[in-house]
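Q: Provided herewith is a single structure, encoded as structure tokens, for subsequent inquiry.
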Amino acid sequence: MTPDWSLRDAGLRTLAAPPALPAVLPGSGFVDPATADIVQAHLDNVLPALDSLRRQSGRLAAWGVDLAHRLLRGQRLLAAGNGGSAAEAQHLTAELVGRFDGERVPFSAISLHAESSAVTAIANDYGYDDVFARQVRAHGRSGDVLMLLSTSGKSPNLLRAAEVASRLNITTWALTGAGPNPLSDACDEAVMIDALNANAQEGHLIALHAMCRVFDLEVGRRSTPDAGLQGRGRS
């Protein structure tokens with residue numbers, strides 16, 4: 001079809017604006033009842049993930065406290081995941097380098113998958129299974145924490161990273177879907193969410209926020225005016 005052109009004062013031509021869509025679809029507001037059922041079923045499937053997290057709340061609390069102690073001493077958190085799990089891991093490191101609820105000093109936390117030049121170079125030269133392991137060798141120090149996120153718990157690049165971390169005295173934590181699974185077995189500790197993969201991944205964000213809440217509480221308890229500055233400048 002020929003575009004419906006209208007002229008502006010400046011002589012420029014622009015397409016006429018399309019007609020506005022209705023604010024509400026005709027009828028009930030849903031395309032069809034099956035659509036509403038799908039949404040409801042998805043929301044219902046979040047409940048098993050929450051129940052699973054409740055049963056492991058003590059471990060999440062312990063992780064938050066332990067992480068606060070380590071980062072206040074100058075250690076760092078390394079985190080990694082693939083796909084949606086990469087986004088969740090990066091969410092955690094952003095909360096630590098930035099802030100969660102209240103004002104506090106920043107802490108060292110690195111998302112290994114976000115190092116795009118390093119990831120592509122390592123994948124090109126050594127293979128994708130080594131993209132995290134090689135970075136753990138480069139950045140990790142004894143006493144650091146490596147957190148690995150995977151709904152399947154089977155990603156070879158995460159398993160290899162856990163193996164390298166164990167040789168460097170780096171504590172490894174896994175946040176996975178249903179388990180046990182290879183990654184939960186390979187790490188020092190794991191929180192396994194017994195739910196469908198998509199809902200388990202949603203549970204990961206809740207777990208990370210719960211950890212951050214405990215982390216901030218513990219940092220507040222132990223902070224001095226220059227807390228969190230210890231260990232800066234280390235290699």
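Going through the structure tokens in order, the chains are called A, B, and so on, while each chain numbers its residues from 1 and the ligands are numbered from 1 in the order shown.
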Where in segment 92-192 of chain A does DSSP assign helix (DSSP H, G or I), given as a PyMOL selection string?

A: chain A and resi 92-97+112-114+116-126+128-130+133-139+156-167+182-186

Q: Could you build a table of the residues in segment 108-218 of chain A lying no more than 9 Å from segment 65-85 of chain A, giving for each the nearest pair of atoms and their separation in Å rounded to one decimal place, using only C-alpha atoms, ordered by chain and ascending residue number, as a tab-separated table?

A:
```
residue	atom	partner	partner_atom	distance
A:Ser108	CA	A:Arg76	CA	5.0
A:Ala109	CA	A:Leu77	CA	4.5
A:Ile110	CA	A:Leu78	CA	5.0
A:Ser111	CA	A:Ala79	CA	4.9
A:Leu112	CA	A:Ala80	CA	5.4
A:His113	CA	A:Ala80	CA	5.8
A:Ala114	CA	A:Ala80	CA	8.6
A:Phe132	CA	A:Ala80	CA	7.3
A:Val136	CA	A:Leu78	CA	7.7
A:His139	CA	A:Leu78	CA	8.2
A:Gly140	CA	A:Leu78	CA	7.5
A:Arg141	CA	A:Gln75	CA	7.7
A:Ser142	CA	A:Gln75	CA	8.3
A:Gly143	CA	A:Gln75	CA	6.4
A:Asp144	CA	A:Gln75	CA	5.2
A:Val145	CA	A:Leu77	CA	4.9
A:Leu146	CA	A:Leu78	CA	4.7
A:Met147	CA	A:Ala79	CA	4.7
A:Leu148	CA	A:Ala80	CA	5.2
A:Leu149	CA	A:Gly81	CA	5.0
A:Ser150	CA	A:Ser85	CA	5.9
A:Thr151	CA	A:Ser85	CA	7.5
A:Ser155	CA	A:Asn82	CA	8.1
A:Asn157	CA	A:Gly81	CA	8.9
A:Leu158	CA	A:Gly81	CA	7.2
A:Gln201	CA	A:Ser85	CA	7.1
A:His204	CA	A:Ser85	CA	8.4
A:Met211	CA	A:Val65	CA	8.2
A:Val214	CA	A:Val65	CA	6.3
A:Phe215	CA	A:Ala68	CA	5.3
A:Asp216	CA	A:Ala68	CA	7.6
A:Leu217	CA	A:Val65	CA	8.4
A:Glu218	CA	A:Val65	CA	5.9
```

Q: For each of A:Ile170, A:Arg104, A:Ser116, A:Ala87, take the minimum atom-to-atom distance to Arg221 of chain A, counting only C-alpha atoms, then give the residue where this is smallest.

A: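 Closest residue, counting only C-alpha atoms: A:Arg104.
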
Q: If you run DSSP on the backbone, which residues of segment 147-213 of chain A are strand (DSSP E), as a JSON list (two decimals) with all heavy atoms, in the first residue's frame?

A:
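And here is the file that came out, out_7.json:
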```json
[["chain", "number", "residue", "atom", "x", "y", "z"],
["A", 147, "MET", "N", 30.03, -18.26, 43.30],
["A", 147, "MET", "CA", 28.62, -18.67, 43.26],
["A", 147, "MET", "C", 28.25, -19.01, 41.83],
["A", 147, "MET", "O", 28.43, -18.19, 40.91],
["A", 147, "MET", "CB", 27.70, -17.58, 43.81],
["A", 147, "MET", "CG", 26.22, -17.95, 43.67],
["A", 147, "MET", "SD", 25.13, -16.95, 44.69],
["A", 147, "MET", "CE", 25.22, -17.85, 46.23],
["A", 148, "LEU", "N", 27.71, -20.22, 41.63],
["A", 148, "LEU", "CA", 27.37, -20.72, 40.31],
["A", 148, "LEU", "C", 25.87, -21.00, 40.25],
["A", 148, "LEU", "O", 25.34, -21.70, 41.12],
["A", 148, "LEU", "CB", 28.16, -21.98, 40.01],
["A", 148, "LEU", "CG", 29.69, -21.80, 40.07],
["A", 148, "LEU", "CD1", 30.39, -23.14, 39.97],
["A", 148, "LEU", "CD2", 30.16, -20.87, 38.95],
["A", 149, "LEU", "N", 25.21, -20.45, 39.24],
["A", 149, "LEU", "CA", 23.76, -20.58, 39.12],
["A", 149, "LEU", "C", 23.41, -21.39, 37.88],
["A", 149, "LEU", "O", 23.92, -21.12, 36.79],
["A", 149, "LEU", "CB", 23.09, -19.21, 39.04],
["A", 149, "LEU", "CG", 23.08, -18.37, 40.32],
["A", 149, "LEU", "CD1", 24.40, -17.65, 40.51],
["A", 149, "LEU", "CD2", 21.94, -17.37, 40.29],
["A", 150, "SER", "N", 22.53, -22.37, 38.04],
["A", 150, "SER", "CA", 22.11, -23.21, 36.92],
["A", 150, "SER", "C", 20.83, -23.93, 37.29],
["A", 150, "SER", "O", 20.77, -24.60, 38.32],
["A", 150, "SER", "CB", 23.20, -24.23, 36.58],
["A", 150, "SER", "OG", 22.74, -25.18, 35.65],
["A", 171, "THR", "N", 35.78, -21.04, 48.11],
["A", 171, "THR", "CA", 34.52, -21.67, 48.51],
["A", 171, "THR", "C", 33.51, -21.60, 47.37],
["A", 171, "THR", "O", 33.35, -20.55, 46.73],
["A", 171, "THR", "CB", 33.95, -20.97, 49.75],
["A", 171, "THR", "OG1", 34.87, -21.16, 50.84],
["A", 171, "THR", "CG2", 32.60, -21.54, 50.15],
["A", 172, "THR", "N", 32.84, -22.70, 47.10],
["A", 172, "THR", "CA", 31.88, -22.75, 45.99],
["A", 172, "THR", "C", 30.48, -23.00, 46.50],
["A", 172, "THR", "O", 30.23, -23.91, 47.29],
["A", 172, "THR", "CB", 32.27, -23.86, 44.99],
["A", 172, "THR", "OG1", 32.48, -25.10, 45.69],
["A", 172, "THR", "CG2", 33.53, -23.49, 44.23],
["A", 173, "TRP", "N", 29.55, -22.17, 46.04],
["A", 173, "TRP", "CA", 28.12, -22.31, 46.35],
["A", 173, "TRP", "C", 27.36, -22.45, 45.04],
["A", 173, "TRP", "O", 27.63, -21.75, 44.07],
["A", 173, "TRP", "CB", 27.59, -21.08, 47.09],
["A", 173, "TRP", "CG", 28.21, -20.83, 48.43],
["A", 173, "TRP", "CD1", 28.87, -21.73, 49.22],
["A", 173, "TRP", "CD2", 28.23, -19.59, 49.14],
["A", 173, "TRP", "NE1", 29.30, -21.13, 50.39],
["A", 173, "TRP", "CE2", 28.91, -19.82, 50.36],
["A", 173, "TRP", "CE3", 27.73, -18.32, 48.89],
["A", 173, "TRP", "CZ2", 29.12, -18.81, 51.32],
["A", 173, "TRP", "CZ3", 27.92, -17.31, 49.83],
["A", 173, "TRP", "CH2", 28.60, -17.57, 51.04],
["A", 174, "ALA", "N", 26.40, -23.36, 45.04],
["A", 174, "ALA", "CA", 25.57, -23.57, 43.86],
["A", 174, "ALA", "C", 24.12, -23.22, 44.17],
["A", 174, "ALA", "O", 23.61, -23.57, 45.23],
["A", 174, "ALA", "CB", 25.66, -25.02, 43.39],
["A", 175, "LEU", "N", 23.48, -22.56, 43.24],
["A", 175, "LEU", "CA", 22.05, -22.27, 43.30],
["A", 175, "LEU", "C", 21.46, -22.93, 42.05],
["A", 175, "LEU", "O", 21.72, -22.49, 40.93],
["A", 175, "LEU", "CB", 21.83, -20.77, 43.32],
["A", 175, "LEU", "CG", 20.45, -20.23, 43.70],
["A", 175, "LEU", "CD1", 19.99, -20.78, 45.04],
["A", 175, "LEU", "CD2", 20.48, -18.70, 43.75],
["A", 176, "THR", "N", 20.70, -24.01, 42.25],
["A", 176, "THR", "CA", 20.25, -24.82, 41.12],
["A", 176, "THR", "C", 18.75, -25.08, 41.17],
["A", 176, "THR", "O", 18.06, -24.66, 42.10],
["A", 176, "THR", "CB", 20.98, -26.18, 41.10],
["A", 176, "THR", "OG1", 20.45, -27.03, 42.11],
["A", 176, "THR", "CG2", 22.48, -26.01, 41.29],
["A", 189, "GLU", "N", 28.60, -26.23, 48.94],
["A", 189, "GLU", "CA", 27.23, -26.19, 49.45],
["A", 189, "GLU", "C", 26.30, -25.81, 48.30],
["A", 189, "GLU", "O", 26.73, -25.18, 47.32],
["A", 189, "GLU", "CB", 27.09, -25.18, 50.59],
["A", 189, "GLU", "CG", 27.90, -25.52, 51.83],
["A", 189, "GLU", "CD", 27.69, -24.52, 52.95],
["A", 189, "GLU", "OE1", 26.88, -23.58, 52.78],
["A", 189, "GLU", "OE2", 28.34, -24.67, 53.99],
["A", 190, "ALA", "N", 25.04, -26.17, 48.44],
["A", 190, "ALA", "CA", 24.07, -25.87, 47.38],
["A", 190, "ALA", "C", 22.70, -25.63, 47.96],
["A", 190, "ALA", "O", 22.32, -26.21, 48.98],
["A", 190, "ALA", "CB", 24.02, -27.01, 46.37],
["A", 191, "VAL", "N", 21.97, -24.74, 47.30],
["A", 191, "VAL", "CA", 20.54, -24.58, 47.53],
["A", 191, "VAL", "C", 19.87, -25.04, 46.25],
["A", 191, "VAL", "O", 20.09, -24.47, 45.18],
["A", 191, "VAL", "CB", 20.17, -23.12, 47.85],
["A", 191, "VAL", "CG1", 18.66, -22.92, 47.78],
["A", 191, "VAL", "CG2", 20.70, -22.73, 49.22],
["A", 192, "MET", "N", 19.08, -26.11, 46.35],
["A", 192, "MET", "CA", 18.41, -26.71, 45.20],
["A", 192, "MET", "C", 16.91, -26.45, 45.31],
["A", 192, "MET", "O", 16.30, -26.80, 46.32],
["A", 192, "MET", "CB", 18.70, -28.21, 45.15],
["A", 192, "MET", "CG", 20.17, -28.53, 44.93],
["A", 192, "MET", "SD", 20.59, -30.25, 45.36],
["A", 192, "MET", "CE", 20.75, -30.10, 47.15]]
```

Q: Excluding same-chain residues fewer than 2 positions from segment 49-55 of chain A, what lies within 9 Å of it counting only C-alpha atoms, as number ranges by chain?

A: A: 45-47, 57-58, 60, 191-196, 199-204, 206-207

Q: Can you measure atom CA of Phe100 of chain A to atom CA of Asp44 of chain A for me? One decimal in Å is fine.

A: 27.8 Å

Q: Atom CA of Tyr126 of chain A and atom CA of Ala138 of chain A, how far apart in Å?

A: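 Computed distance, atom CA of Ala138 of chain A to atom CA of Tyr126 of chain A, equals 14.7 Å.
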
Q: Just checking: using only C-alpha atoms, which residue out of A:Leu205, A:Leu159, A:Ala210, A:Leu96 ends up closest to Ala186 of chain A?

A: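 Distance minimum relative to Ala186 of chain A lands on A:Leu159.
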